[in-house]
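Just structure24.tsv here, TSV, C-alpha atoms:
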chain	number	residue	atom	x	y	z
A	28	MET	CA	-39.10	-0.35	-28.27
A	29	VAL	CA	-38.11	-1.97	-24.99
A	30	ILE	CA	-36.49	0.29	-22.39
A	31	GLY	CA	-33.49	-1.35	-20.72
A	32	THR	CA	-34.55	-0.59	-17.16
A	33	LYS	CA	-38.11	-1.79	-17.67
A	34	GLN	CA	-36.89	-4.89	-19.37
A	35	ALA	CA	-34.68	-5.67	-16.43
A	36	ARG	CA	-37.55	-5.24	-13.97
A	37	SER	CA	-40.00	-7.38	-15.94
A	38	SER	CA	-37.46	-10.17	-16.36
A	39	ILE	CA	-37.55	-10.91	-12.61
A	40	GLN	CA	-40.81	-12.78	-11.93
A	41	TRP	CA	-41.85	-14.97	-9.05
A	42	PRO	CA	-43.45	-18.38	-9.76
A	43	ALA	CA	-47.22	-18.46	-9.36
A	44	CYS	CA	-47.39	-21.10	-6.55
A	45	PRO	CA	-49.25	-23.68	-8.74
A	46	HIS	CA	-49.64	-26.23	-5.92
A	47	TRP	CA	-51.46	-23.87	-3.58
A	48	PRO	CA	-55.27	-24.02	-3.33
A	49	PRO	CA	-56.95	-21.44	-5.60
A	50	PHE	CA	-58.28	-19.37	-2.68
A	51	ALA	CA	-54.71	-19.06	-1.21
A	52	ARG	CA	-52.71	-18.24	-4.33
A	53	GLU	CA	-53.32	-14.50	-3.96
A	54	HIS	CA	-51.41	-14.63	-0.67
A	55	CYS	CA	-48.35	-16.30	-2.22
A	56	ALA	CA	-46.18	-13.14	-2.38
A	57	LEU	CA	-47.03	-12.22	1.21
A	58	ALA	CA	-46.04	-15.69	2.39
A	59	ARG	CA	-42.70	-15.44	0.65
A	60	PHE	CA	-42.04	-12.04	2.25
A	61	VAL	CA	-42.80	-13.45	5.68
A	62	ALA	CA	-40.45	-16.39	5.06
A	63	VAL	CA	-37.57	-14.12	3.99
A	64	ALA	CA	-38.14	-11.86	7.01
A	65	ALA	CA	-38.08	-14.86	9.30
A	66	VAL	CA	-34.74	-16.02	7.88
A	67	CYS	CA	-33.24	-12.53	8.36
A	68	LEU	CA	-34.52	-12.42	11.93
A	69	PHE	CA	-33.01	-15.84	12.57
A	70	LEU	CA	-29.59	-14.66	11.31
A	71	VAL	CA	-29.65	-11.55	13.48
A	72	ALA	CA	-30.70	-13.56	16.52
A	73	GLY	CA	-27.99	-16.11	15.81
A	74	THR	CA	-25.32	-13.41	15.69
A	75	TYR	CA	-26.64	-12.01	18.97
A	76	CYS	CA	-26.46	-15.40	20.62
A	77	THR	CA	-22.84	-15.93	19.58
A	78	VAL	CA	-21.78	-12.92	21.66
A	79	TRP	CA	-24.09	-13.62	24.63
A	80	SER	CA	-22.70	-14.96	27.87
A	81	PRO	CA	-24.66	-15.96	31.00
A	82	ALA	CA	-22.51	-13.64	33.15
A	83	ASP	CA	-23.65	-10.61	31.15
A	84	ALA	CA	-25.67	-8.50	33.56
A	85	HIS	CA	-25.06	-4.89	32.62
A	86	GLY	CA	-25.71	-4.61	28.90
A	87	GLU	CA	-22.32	-5.90	27.69
A	88	THR	CA	-24.04	-8.27	25.28
A	89	GLU	CA	-25.87	-5.48	23.52
A	90	GLN	CA	-22.68	-3.42	23.31
A	91	ARG	CA	-20.64	-6.30	21.91
A	92	PHE	CA	-23.40	-7.16	19.46
A	93	PHE	CA	-23.63	-3.67	18.02
A	94	ASP	CA	-19.82	-3.31	18.03
A	95	ILE	CA	-19.61	-6.31	15.71
A	96	TRP	CA	-22.08	-4.84	13.26
A	97	ARG	CA	-20.42	-1.41	13.46
A	98	ARG	CA	-16.98	-2.86	12.73
A	99	ARG	CA	-18.31	-4.83	9.79
A	100	SER	CA	-20.01	-1.76	8.36
A	101	ALA	CA	-16.88	0.35	8.87
A	102	ALA	CA	-14.73	-2.29	7.16
A	103	ARG	CA	-17.00	-2.26	4.11
A	104	ALA	CA	-16.90	1.54	3.99
A	105	ASP	CA	-13.08	1.58	4.28
A	106	ASP	CA	-12.87	-0.99	1.50
A	107	ASP	CA	-15.07	1.13	-0.76
A	108	ASP	CA	-13.00	4.25	-0.03
A	109	LEU	CA	-9.76	2.47	-0.91
A	110	GLU	CA	-11.24	1.13	-4.15
A	111	ALA	CA	-12.37	4.61	-5.16
A	112	ALA	CA	-8.94	6.08	-4.39
A	113	LEU	CA	-7.14	3.36	-6.35
A	114	ARG	CA	-9.50	3.64	-9.31
A	115	GLY	CA	-8.94	7.38	-9.48
A	116	ALA	CA	-5.14	7.10	-9.48
A	117	ALA	CA	-4.57	3.98	-11.60
A	118	ASP	CA	-3.43	4.08	-15.22
A	119	ALA	CA	-4.98	2.09	-18.06
A	120	ASN	CA	-3.09	-1.03	-16.88
A	121	ARG	CA	-4.49	-0.71	-13.34
A	122	THR	CA	-1.10	0.32	-11.95
A	123	VAL	CA	-0.78	2.96	-9.25
A	124	ILE	CA	2.20	4.70	-7.62
A	125	LEU	CA	1.95	4.55	-3.81
A	126	SER	CA	3.71	6.18	-0.91
A	127	VAL	CA	2.90	6.41	2.80
A	128	LEU	CA	3.36	9.42	5.07
A	129	ASN	CA	2.66	10.53	8.60
A	130	LYS	CA	2.66	13.91	10.33
A	131	ALA	CA	6.45	13.98	10.64
A	132	TYR	CA	6.98	13.19	6.95
A	133	ALA	CA	4.44	15.85	5.98
A	134	GLU	CA	6.13	18.75	7.79
A	135	GLU	CA	6.77	21.81	5.64
A	136	ASP	CA	10.11	21.72	3.77
A	137	GLY	CA	10.41	18.06	4.70
A	138	LEU	CA	10.37	14.76	2.82
A	139	LEU	CA	6.88	15.21	1.36
A	140	ASP	CA	7.78	18.55	-0.23
A	141	LEU	CA	11.05	17.15	-1.59
A	142	PHE	CA	9.31	14.11	-3.07
A	143	VAL	CA	6.66	16.21	-4.84
A	144	GLU	CA	9.29	18.71	-6.03
A	145	GLY	CA	11.27	15.85	-7.56
A	146	LEU	CA	8.21	14.63	-9.45
A	147	ARG	CA	7.43	18.12	-10.73
A	148	ARG	CA	11.00	18.79	-11.88
A	149	GLY	CA	12.05	15.33	-13.05
A	150	ASP	CA	12.55	14.22	-16.64
A	151	GLY	CA	9.18	12.83	-17.77
A	152	THR	CA	7.82	12.52	-14.24
A	153	GLN	CA	5.28	15.36	-14.31
A	154	ARG	CA	2.74	13.27	-16.19
A	155	LEU	CA	3.05	10.53	-13.57
A	156	ILE	CA	1.76	12.73	-10.74
A	157	ARG	CA	-1.87	11.97	-11.59
A	158	HIS	CA	-1.14	8.29	-10.91
A	159	VAL	CA	0.45	8.92	-7.49
A	160	LEU	CA	-1.63	8.11	-4.40
A	161	LEU	CA	-0.21	9.45	-1.13
A	162	VAL	CA	-1.53	7.45	1.82
A	163	ALA	CA	-1.70	9.43	5.07
A	164	MET	CA	-1.54	7.58	8.38
A	165	ASP	CA	-3.02	10.42	10.43
A	166	ARG	CA	-5.30	13.42	10.07
A	167	THR	CA	-2.55	16.05	10.07
A	168	ALA	CA	-0.65	14.30	7.27
A	169	PHE	CA	-3.86	13.98	5.25
A	170	ARG	CA	-4.64	17.69	5.59
A	171	ARG	CA	-1.09	18.65	4.64
A	172	CYS	CA	-1.25	16.35	1.62
A	173	ARG	CA	-4.53	17.90	0.49
A	174	SER	CA	-3.08	21.41	0.85
A	175	LEU	CA	-0.39	20.74	-1.78
A	176	GLY	CA	-2.88	20.61	-4.65
A	177	GLY	CA	-2.49	18.47	-7.75
A	178	VAL	CA	-1.79	15.23	-5.84
A	179	ARG	CA	-4.16	12.48	-4.74
A	180	CYS	CA	-4.44	11.76	-1.02
A	181	TYR	CA	-6.05	8.90	0.91
A	182	ARG	CA	-6.50	8.67	4.67
A	183	LEU	CA	-5.58	5.23	6.00
A	184	PRO	CA	-8.11	3.97	8.57
A	185	ALA	CA	-6.81	3.59	12.12
A	186	ALA	CA	-5.04	0.29	12.68
A	187	VAL	CA	-6.89	-0.26	15.96
A	188	ALA	CA	-10.43	0.59	16.93
A	189	ASN	CA	-9.57	3.07	19.67
A	190	GLY	CA	-6.84	4.82	17.67
A	191	THR	CA	-4.25	4.61	20.45
A	192	ASP	CA	-1.48	3.36	18.16
A	193	ASP	CA	-0.32	6.89	17.26
A	194	LEU	CA	2.36	6.79	14.55
A	195	SER	CA	2.21	10.47	13.58
A	196	SER	CA	5.58	11.53	15.05
A	197	GLU	CA	8.99	10.73	13.59
A	198	GLN	CA	9.68	7.03	14.12
A	199	MET	CA	13.40	6.51	14.55
A	200	TYR	CA	14.94	3.70	12.53
A	201	MET	CA	14.23	0.30	14.13
A	202	SER	CA	12.19	1.77	16.98
A	203	GLY	CA	8.97	0.01	17.95
A	204	GLY	CA	6.90	2.67	16.19
A	205	PHE	CA	9.04	2.40	13.05
A	206	ILE	CA	8.50	-1.35	12.88
A	207	ARG	CA	4.72	-0.98	13.39
A	208	MET	CA	4.60	1.57	10.57
A	209	MET	CA	6.37	-0.83	8.22
A	210	TRP	CA	3.96	-3.65	8.99
A	211	ARG	CA	0.94	-1.38	8.57
A	212	ARG	CA	2.32	-0.55	5.15
A	213	ILE	CA	2.57	-4.21	4.13
A	214	ARG	CA	-1.04	-4.77	5.15
A	215	LEU	CA	-2.10	-1.83	2.96
A	216	LEU	CA	-0.12	-3.09	-0.03
A	217	GLY	CA	-1.67	-6.54	0.32
A	218	ASP	CA	-5.12	-4.90	0.25
A	219	VAL	CA	-4.16	-3.06	-2.95
A	220	LEU	CA	-3.22	-6.34	-4.62
A	221	ARG	CA	-6.48	-7.95	-3.48
A	222	HIS	CA	-8.36	-5.12	-5.17
A	223	GLY	CA	-6.72	-6.15	-8.45
A	224	TYR	CA	-4.22	-3.30	-8.80
A	225	SER	CA	-0.50	-3.51	-9.47
A	226	PHE	CA	1.69	-0.87	-7.87
A	227	VAL	CA	5.04	0.84	-7.65
A	228	PHE	CA	5.72	1.53	-4.00
A	229	THR	CA	8.18	4.31	-3.21
A	230	ASP	CA	9.31	5.67	0.12
A	231	LEU	CA	9.08	9.44	0.40
A	232	ASP	CA	12.86	9.56	0.79
A	233	VAL	CA	13.23	8.39	-2.82
A	234	ILE	CA	13.76	11.23	-5.32
A	235	TRP	CA	12.53	10.52	-8.86
A	236	LEU	CA	14.94	12.20	-11.28
A	237	LYS	CA	13.21	10.78	-14.34
A	238	ASN	CA	10.43	8.40	-15.31
A	239	PRO	CA	11.48	4.97	-14.01
A	240	PHE	CA	8.97	2.87	-15.96
A	241	PRO	CA	11.12	2.35	-19.09
A	242	SER	CA	13.89	1.05	-16.82
A	243	LEU	CA	11.55	-1.29	-14.94
A	244	ASN	CA	10.77	-3.23	-18.15
A	245	ARG	CA	9.24	-6.57	-17.16
A	246	THR	CA	11.22	-8.63	-19.66
A	247	ARG	CA	10.03	-12.06	-18.47
A	248	GLU	CA	6.73	-11.16	-16.81
A	249	GLU	CA	8.27	-10.94	-13.35
A	250	ASP	CA	5.91	-10.57	-10.41
A	251	ILE	CA	8.25	-8.33	-8.41
A	252	LEU	CA	10.95	-5.86	-9.42
A	253	ILE	CA	12.74	-4.68	-6.29
A	254	SER	CA	15.66	-2.46	-5.31
A	255	ALA	CA	18.73	-3.51	-3.33
A	256	ASP	CA	21.07	-1.84	-0.85
A	257	GLN	CA	24.16	-3.33	-2.51
A	258	TYR	CA	23.70	-4.76	-6.01
A	259	ASN	CA	25.93	-7.70	-6.93
A	260	GLY	CA	25.49	-7.30	-10.70
A	261	ARG	CA	23.14	-10.27	-11.15
A	262	PRO	CA	19.48	-9.21	-11.54
A	263	ASP	CA	18.08	-12.75	-11.21
A	264	ASP	CA	20.00	-13.40	-8.00
A	265	TYR	CA	17.36	-12.26	-5.53
A	266	LEU	CA	18.83	-14.68	-2.98
A	267	GLY	CA	22.29	-13.13	-3.16
A	268	ASN	CA	21.14	-9.50	-3.18
A	269	GLU	CA	19.87	-7.88	0.01
A	270	LEU	CA	16.41	-6.63	-1.01
A	271	ASN	CA	15.23	-3.12	-0.11
A	272	THR	CA	11.50	-2.39	0.14
A	273	GLY	CA	11.90	1.37	-0.27
A	274	PHE	CA	11.23	1.08	-4.01
A	275	PHE	CA	9.62	-1.88	-5.73
A	276	PHE	CA	7.01	-2.90	-8.30
A	277	VAL	CA	4.50	-5.70	-7.70
A	278	ALA	CA	2.07	-7.11	-10.27
A	279	THR	CA	-1.27	-8.24	-8.87
A	280	SER	CA	-1.86	-12.00	-9.06
A	281	ASN	CA	-2.86	-14.89	-6.83
A	282	ARG	CA	0.85	-15.52	-6.25
A	283	THR	CA	1.64	-12.02	-4.99
A	284	VAL	CA	-1.51	-11.85	-2.85
A	285	ALA	CA	-0.43	-15.11	-1.21
A	286	LEU	CA	3.08	-13.73	-0.67
A	287	PHE	CA	1.84	-10.56	1.02
A	288	ASP	CA	-0.58	-12.53	3.19
A	289	GLU	CA	2.23	-14.80	4.34
A	290	TRP	CA	4.60	-11.86	4.75
A	291	HIS	CA	2.19	-9.89	6.94
A	292	ALA	CA	1.33	-12.97	9.00
A	293	ALA	CA	5.06	-13.55	9.66
A	294	ARG	CA	5.18	-10.42	11.86
A	295	ASN	CA	3.74	-12.48	14.72
A	296	GLN	CA	6.87	-14.66	14.78
A	297	SER	CA	9.32	-11.82	14.03
A	298	ALA	CA	9.40	-9.60	17.10
A	299	GLY	CA	11.85	-6.71	16.73
A	300	MET	CA	12.29	-7.26	12.98
A	301	LYS	CA	11.23	-4.79	10.32
A	302	GLU	CA	9.30	-6.02	7.32
A	303	GLN	CA	12.30	-5.79	4.97
A	304	ASP	CA	14.36	-8.13	7.13
A	305	VAL	CA	11.46	-10.59	7.30
A	306	LEU	CA	11.14	-10.61	3.48
A	307	ASN	CA	14.87	-11.33	3.12
A	308	GLN	CA	14.49	-14.12	5.65
A	309	MET	CA	11.48	-15.55	3.79
A	310	LYS	CA	13.31	-15.59	0.44
A	311	ARG	CA	16.22	-17.50	1.99
A	312	ARG	CA	13.74	-20.03	3.35
A	313	GLY	CA	12.29	-20.56	-0.13
A	314	ALA	CA	8.97	-18.71	0.20
A	315	LEU	CA	9.16	-16.98	-3.19
A	316	SER	CA	10.07	-20.21	-4.97
A	317	ARG	CA	7.38	-22.18	-3.14
A	318	LEU	CA	4.69	-19.64	-4.08
A	319	GLY	CA	5.89	-19.39	-7.68
A	320	VAL	CA	6.73	-15.68	-7.34
A	321	ARG	CA	9.21	-14.46	-9.97
A	322	ALA	CA	11.49	-11.65	-8.81
A	323	ARG	CA	14.18	-9.50	-10.39
A	324	VAL	CA	16.56	-7.14	-8.59
A	325	LEU	CA	16.96	-3.57	-9.87
A	326	ASP	CA	20.42	-2.30	-10.75
A	327	THR	CA	21.73	0.49	-8.51
A	328	ALA	CA	23.16	2.15	-11.61
A	329	ARG	CA	19.55	3.15	-12.41
A	330	PHE	CA	17.87	2.80	-9.01
A	331	SER	CA	20.52	4.34	-6.81
A	332	GLY	CA	20.77	4.93	-3.09
A	333	PHE	CA	23.07	6.30	-0.44
A	334	CYS	CA	24.20	2.75	0.38
A	335	GLN	CA	25.61	2.38	-3.13
A	336	ASP	CA	25.79	5.49	-5.32
A	337	SER	CA	25.40	5.32	-9.06
A	338	ARG	CA	28.14	7.07	-10.99
A	339	ASP	CA	26.33	6.97	-14.32
A	340	ALA	CA	24.07	10.03	-14.30
A	341	ARG	CA	22.76	9.22	-17.77
A	342	GLN	CA	21.12	6.03	-16.53
A	343	MET	CA	19.95	7.05	-13.06
A	344	THR	CA	16.21	7.37	-12.47
A	345	THR	CA	15.77	7.37	-8.66
A	346	VAL	CA	17.89	8.12	-5.60
A	347	HIS	CA	17.00	6.59	-2.22
A	348	ALA	CA	18.23	8.08	1.06
A	349	ASN	CA	18.82	4.63	2.55
A	350	CYS	CA	21.66	3.90	5.00
A	351	CYS	CA	20.54	7.04	6.84
A	352	ARG	CA	19.05	7.18	10.34
A	353	THR	CA	17.21	10.48	10.83
A	354	MET	CA	14.72	12.46	8.83
A	355	ARG	CA	16.71	15.68	9.24
A	356	ALA	CA	19.78	14.05	7.69
A	357	LYS	CA	17.75	12.59	4.82
A	358	VAL	CA	16.25	15.99	3.99
A	359	ALA	CA	19.63	17.75	4.02
A	360	ASP	CA	21.39	15.20	1.79
A	361	LEU	CA	18.46	14.80	-0.62
A	362	LYS	CA	18.36	18.57	-1.10
A	363	ALA	CA	22.01	18.36	-2.10
A	364	VAL	CA	21.12	15.64	-4.62
A	365	LEU	CA	18.36	17.78	-6.14
A	366	ASP	CA	20.70	20.76	-6.37
A	367	ALA	CA	23.29	18.61	-8.14
A	368	ALA	CA	20.66	17.22	-10.50
A	369	ARG	CA	19.65	20.74	-11.56
A	370	ARG	CA	23.23	21.43	-12.61
A	371	LEU	CA	23.59	18.10	-14.29
A	372	ASN	CA	25.13	17.93	-17.74
A	373	ARG	CA	24.12	14.45	-18.85
A	374	THR	CA	26.99	14.21	-21.35
A	375	THR	CA	29.56	14.08	-18.53
A	376	GLU	CA	30.13	11.93	-15.50
A	377	LEU	CA	28.49	13.22	-12.35
A	378	ARG	CA	29.91	12.75	-8.88
A	379	TRP	CA	27.19	13.16	-6.30
A	380	PRO	CA	27.86	15.22	-3.18
A	381	ALA	CA	28.96	13.27	-0.12
A	382	HIS	CA	26.05	12.22	2.07
A	383	SER	CA	27.69	13.86	5.07
A	384	GLU	CA	24.58	14.42	7.21
A	385	CYS	CA	23.48	10.82	6.83
A	386	ALA	CA	26.94	9.64	7.79
A	387	LYS	CA	26.72	11.75	10.95
A	388	SER	CA	23.26	10.40	11.78
A	389	TRP	CA	24.76	7.08	12.95
A	390	ARG	CA	27.12	8.64	15.49

What's the structure tokens form of this structure?
Amino acid sequence: MVIGTKQARSSIQWPACPHWPPFAREHCALARFVAVAAVCLFLVAGTYCTVWSPADAHGETEQRFFDIWRRRSAARADDDDLEAALRGAADANRTVILSVLNKAYAEEDGLLDLFVEGLRRGDGTQRLIRHVLLVAMDRTAFRRCRSLGGVRCYRLPAAVANGTDDLSSEQMYMSGGFIRMMWRRIRLLGDVLRHGYSFVFTDLDVIWLKNPFPSLNRTREEDILISADQYNGRPDDYLGNELNTGFFFVATSNRTVALFDEWHAARNQSAGMKEQDVLNQMKRRGALSRLGVRARVLDTARFSGFCQDSRDARQMTTVHANCCRTMRAKVADLKAVLDAARRLNRTTELRWPAHSECAKSWR
């Protein structure tokens, strides 16, 4: 009987150096080791030289050299951590449900608690919780996420090496911090696609009333299924519908990876624009068509929002607190939605409560 491990070890054999003189063949392995070590030393020295400058007189070269190696090692570690988190949350089809939070979102009785409550109370949503990965942008949000129990949490590495880009507080709509948060999110989602996972991304201000997957239904193998602020009734008309990135599905492929790379890179030419506006601009300029990305817009009858309420309670799966400026207003009006959903008789028409706090948030 051959043991697998032993077989694997014995299958790797070095040639016997047949052209060496007989008295030197016994030193063949040592010579190879020395050669490999020399190559490694050459690579290290070459890296050192690339960061050396003649004006370096106080040890800056050494610091820069070791900073490069430290950043590369940290990047590999972050990549491994993300892969482990995705693998743990993904279903059999390598699809994961993602949301992003910071300290402000994670406050007690805030959006995080409402989102998790919706999943626990929704119709067929409880079994989806094990596939949800909550991505925390700061340490406080990560700790709060972990304290909930029963949900998966991942700490997003700092966007900059010194950690000065603090996005833990509430970022008002269209503020500089808000826009940076949105772009950090797109970078994360691109990384998820590169790891070979598809995802449903949901903002925390989206309440899941029931399992949305049957309503997503990729009928023609679309790459992206995405919500809209105002739905014009034509699901294939992604040019005519204003896309909303608060809830969308993306299938991993070379096409979608290329789209997210181009989307994230566009931030450099889009000062003052949030990522959603840039995507709508890109679609009008033909980016989706050029990359071969197939998109379908989700009907607001099923994927509703405060911009355009659904009046058919029997179809509705999610409610998004869009067209709302402050977190306090979102929490108040989403609580009213959850209260109405608890009283819901699905055999009758439901009229949702007026989103009065969100309306006031713009004054």

Using only C-alpha atoms, the shortest atom-to-atom distance to A:Phe169 among A:Pro380, A:Gly137, A:Pro184, A:Gly313 belongs to A:Pro184

One number please: atom CA of A:Trp210 to atom CA of A:Arg329, in Å, one decimal.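 Atom-to-atom, atom CA of A:Trp210 to atom CA of A:Arg329, that is 27.3 Å.
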
Rounded to one decimal in Å, what is the spacing between atom CA of A:Asp339 and atom CA of A:Cys351?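 Rounded to one decimal, the two atoms are 21.9 Å apart.
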
Please measure the separation of atom CA of A:Ala255 and atom CA of A:Glu144, giving the value in Å to one decimal. 24.3 Å

Residues near stretch 248-253 of chain A, cut-off 7 Å, all atoms listed in the file, skip fewer than 3 positions along chain, as a list of chain:residue names: A:Arg245, A:Leu270, A:Asn271, A:Thr272, A:Phe274, A:Phe275, A:Phe276, A:Val277, A:Ala278, A:Val320, A:Arg321, A:Ala322, A:Arg323, A:Val324, A:Leu325

Counting all atoms listed in the file, which residues of stretch 124-243 of chain A fall within 12 Å of stretch 305-309 of chain A, and what is the closest atom pair for each with its distance in Å at one decimal, ordered by chain and rising number, as JSON lines?
{"residue": "A:Ile206", "atom": "CA", "partner": "A:Val305", "partner_atom": "CA", "distance": 11.2}
{"residue": "A:Met209", "atom": "CA", "partner": "A:Val305", "partner_atom": "CA", "distance": 11.0}
{"residue": "A:Trp210", "atom": "CA", "partner": "A:Val305", "partner_atom": "CA", "distance": 10.4}
{"residue": "A:Ile213", "atom": "CA", "partner": "A:Leu306", "partner_atom": "CA", "distance": 10.7}

Residues within 12 Å of A:Val219, only C-alpha atoms, excluding chain neighbours under 2 positions, as an MDAnalysis selection string: chainID A and resid 106:114 117 121:125 160 162 212:217 221:228 277:280 283:284 287:288

Of A:Gly176, A:Pro262, A:Gly145, A:Pro241, the one sitting nearest A:Asp326 when using all atoms listed in the file is A:Pro262

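For the choices A:Arg154, A:Lys310, A:Arg355, A:His291, the atom-to-atom distance to A:Glu134 is smallest for A:Arg355 when using all atoms listed in the file.
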
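Residue nearest A:Gly273, chosen from A:Ala356, A:Val127, A:Ala293, A:Ala340 and counting all atoms listed in the file: A:Val127.
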
Would you list the contacts of A:Leu141 as a list in words, taking every protein, DNA or RNA residue within 9 Å and counting only C-alpha atoms, but skipping same-chain residues closer than 3 positions in sequence? Asp136, Gly137, Leu138, Glu144, Gly145, Leu146, Leu231, Asp232, Ile234, Val358, Leu361, Lys362 and Leu365 of chain A

Write the residues of the preceding selection, restricted to C-alpha atoms, as a JSON list (two decimals), in the coordinates of the input.
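Saved file selection.json follows:
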[["chain", "number", "residue", "atom", "x", "y", "z"],
["A", 136, "ASP", "CA", 10.11, 21.72, 3.77],
["A", 137, "GLY", "CA", 10.41, 18.06, 4.70],
["A", 138, "LEU", "CA", 10.37, 14.76, 2.82],
["A", 144, "GLU", "CA", 9.29, 18.71, -6.03],
["A", 145, "GLY", "CA", 11.27, 15.85, -7.56],
["A", 146, "LEU", "CA", 8.21, 14.63, -9.45],
["A", 231, "LEU", "CA", 9.08, 9.44, 0.40],
["A", 232, "ASP", "CA", 12.86, 9.56, 0.79],
["A", 234, "ILE", "CA", 13.76, 11.23, -5.32],
["A", 358, "VAL", "CA", 16.25, 15.99, 3.99],
["A", 361, "LEU", "CA", 18.46, 14.80, -0.62],
["A", 362, "LYS", "CA", 18.36, 18.57, -1.10],
["A", 365, "LEU", "CA", 18.36, 17.78, -6.14]]
